[in-house]
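As structure tokens, the structure follows; a few thoughts come after it.
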Amino acid sequence: MLDCDAIMTEIAPVTVFAALGSNLGDRSLALARARNWLQRIALGERLEESRIFETLPVGPGMQECHLNQVVRFSTLLAPQQILHFFKEVELWLGRRQRPRLHPREIDIDLLFYGDQDINLPELRVPHPGWAARSFVLVPILDLDPEFRCPVTGVPAKALLEEHCPRAHREAWAFGSAFAFAQEAAA
């Protein structure tokens, strides 16, 4: 007789952090649509969301400011499945291939997958550079003010202070007075 319990492996939920960003087209709508898609792979279709932040562009030429947000959710998917899903969602939402650091309709990055350190040719987690980017650190601290890297244990607050001393001028809550002052100064 086959003992199903002996051959079945229980898949434990894992907590995932993802960064969303857009600086082309209707940026707010792009983030909202991305969140709607991500709910489909989240347990109970529940996402925890940071506020949306407007951030200065990084890259060549004149670019619009980005809207950035971090979401946290639990899932049963493997990291490679999540990466594939994120890439599919980006295509469904109209992202076109462009060189690195160029404007984009939507960008969805896997920041953390539980406490795993993943180093594959197609996927690195924690996401490379996350610890020195105000457009990731500011929203992640908005979502969780005591956030520590699940792999290294380093507090995100310390990383923000060390690597992004001008974060208050590089990222602000979307729709805040600072955003309007920036536009008026331009």
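Ordered as shown in the structure tokens, chains take letters A, B, and onward, while each chain numbers its residues from 1 and ligands are numbered from 1 in the order shown.
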**Request:** Check range 110-177 of chain A with DSSP on the backbone and list each residue it calls strand (DSSP E), as number ranges by chain.
**Result:** A: 110-113, 118-120, 123-125, 171-173
Preceding selection exported with N, CA and C atoms as an mmCIF file, in the first residue's frame:
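The resulting again.cif:
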```
data_model
loop_
_atom_site.group_PDB
_atom_site.id
_atom_site.type_symbol
_atom_site.label_atom_id
_atom_site.label_comp_id
_atom_site.auth_asym_id
_atom_site.auth_seq_id
_atom_site.Cartn_x
_atom_site.Cartn_y
_atom_site.Cartn_z
ATOM 1 N N LEU A 110 12.194 41.038 -7.591
ATOM 2 C CA LEU A 110 12.154 40.205 -6.403
ATOM 3 C C LEU A 110 13.303 40.635 -5.502
ATOM 4 N N LEU A 111 12.969 41.257 -4.372
ATOM 5 C CA LEU A 111 13.996 41.743 -3.445
ATOM 6 C C LEU A 111 14.458 40.648 -2.494
ATOM 7 N N PHE A 112 13.492 39.971 -1.860
ATOM 8 C CA PHE A 112 13.793 38.947 -0.861
ATOM 9 C C PHE A 112 12.843 37.782 -1.027
ATOM 10 N N TYR A 113 13.367 36.584 -0.778
ATOM 11 C CA TYR A 113 12.584 35.360 -0.786
ATOM 12 C C TYR A 113 12.891 34.655 0.529
ATOM 13 N N ILE A 118 20.154 33.544 -2.823
ATOM 14 C CA ILE A 118 20.066 32.822 -4.099
ATOM 15 C C ILE A 118 21.034 33.469 -5.085
ATOM 16 N N ASN A 119 21.873 32.658 -5.672
ATOM 17 C CA ASN A 119 22.842 33.176 -6.632
ATOM 18 C C ASN A 119 22.844 32.266 -7.862
ATOM 19 N N LEU A 120 21.920 32.533 -8.765
ATOM 20 C CA LEU A 120 21.801 31.795 -10.016
ATOM 21 C C LEU A 120 22.077 32.754 -11.168
ATOM 22 N N LEU A 123 18.935 34.807 -11.544
ATOM 23 C CA LEU A 123 18.266 35.341 -10.354
ATOM 24 C C LEU A 123 19.235 35.461 -9.187
ATOM 25 N N ARG A 124 19.292 36.673 -8.651
ATOM 26 C CA ARG A 124 20.076 36.904 -7.434
ATOM 27 C C ARG A 124 19.170 37.533 -6.379
ATOM 28 N N VAL A 125 19.139 36.904 -5.219
ATOM 29 C CA VAL A 125 18.326 37.365 -4.100
ATOM 30 C C VAL A 125 19.171 37.239 -2.842
ATOM 31 N N ALA A 171 13.569 60.828 -2.545
ATOM 32 C CA ALA A 171 12.337 60.051 -2.498
ATOM 33 C C ALA A 171 11.359 60.728 -1.559
ATOM 34 N N TRP A 172 10.147 60.943 -2.034
ATOM 35 C CA TRP A 172 9.128 61.581 -1.213
ATOM 36 C C TRP A 172 7.791 60.923 -1.506
ATOM 37 N N ALA A 173 6.888 60.980 -0.535
ATOM 38 C CA ALA A 173 5.570 60.369 -0.703
ATOM 39 C C ALA A 173 4.879 60.984 -1.903
#
```
**Request:** From the DSSP assignment of the backbone, select every residue of range 37-139 of chain A that is helix (DSSP H, G or I), and format the answer as a PyMOL selection string.
**Result:** chain A and resi 37-39+43-45+79-92+130-132+134-139
**Asked** Out of A:Val151, A:Val89, A:Ala78, A:Leu143, which residue has the shortest atom-to-atom distance to Asp117 in chain A when counting only C-alpha atoms?
**Response**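 So, comparing all the options, the nearest one is A:Val151.
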Determine, for each residue of range 14-47 of chain A having at least one atom at most 10 Å from an atom of range 128-135 of chain A, the closest pair of atoms and their separation in Å to one decimal, counting only C-alpha atoms; order by chain and ascending number, as JSON lines.
```
{"residue": "A:Ala19", "atom": "CA", "partner": "A:Phe135", "partner_atom": "CA", "distance": 8.9}
{"residue": "A:Leu20", "atom": "CA", "partner": "A:Phe135", "partner_atom": "CA", "distance": 9.7}
{"residue": "A:Gly21", "atom": "CA", "partner": "A:Phe135", "partner_atom": "CA", "distance": 8.8}
```
**Who sits within 12 Å of Leu76 in chain A, only C-alpha atoms, same chain under 4 positions skipped, as a ChimeraX atom specification** = /A:10-16,40-44,80-82,113-114
**Request:** Find, counting only C-alpha atoms, the residue in A:Gln116, A:Gln63, A:Val138, A:Ala30 that gets nearest to Arg166 in chain A.
**Result:**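 Counting only C-alpha atoms, the residue closest to Arg166 in chain A is A:Val138.
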**Prompt:** Neighbours of Leu141 in chain A within 9 Å (only C-alpha atoms; same-chain residues fewer than 5 positions away dropped), as a ChimeraX atom specification?
**Reply:** /A:50,136,146-147,156-157
How would the residues just chosen look if you wrote them out with C-alpha atoms as a short mmCIF file (atom, residue, chain, number, x, y, z; two decimals), in the first residue's frame?
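Final output, result-v4.cif:
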```cif
data_model
loop_
_atom_site.label_atom_id
_atom_site.label_comp_id
_atom_site.auth_asym_id
_atom_site.auth_seq_id
_atom_site.Cartn_x
_atom_site.Cartn_y
_atom_site.Cartn_z
CA SER A 50 4.22 50.64 1.39
CA VAL A 136 13.97 50.64 -2.37
CA GLU A 146 12.35 47.94 11.81
CA PHE A 147 13.20 45.98 8.67
CA ALA A 156 17.63 48.97 6.59
CA LYS A 157 17.78 52.23 8.62
#
```
**Message:** Counting only C-alpha atoms, which residue out of A:Pro121, A:Pro145, A:Pro139, A:Gly94 sits closest to Ala34 in chain A?
**Reply:**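 Looking only at the distances to Ala34 in chain A, the closest residue turns out to be A:Gly94.
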**For CA of Arg148 in chain A and CA of Glu105 in chain A, the interatomic separation in Å (one decimal)** =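 It comes out at 29.6 Å.
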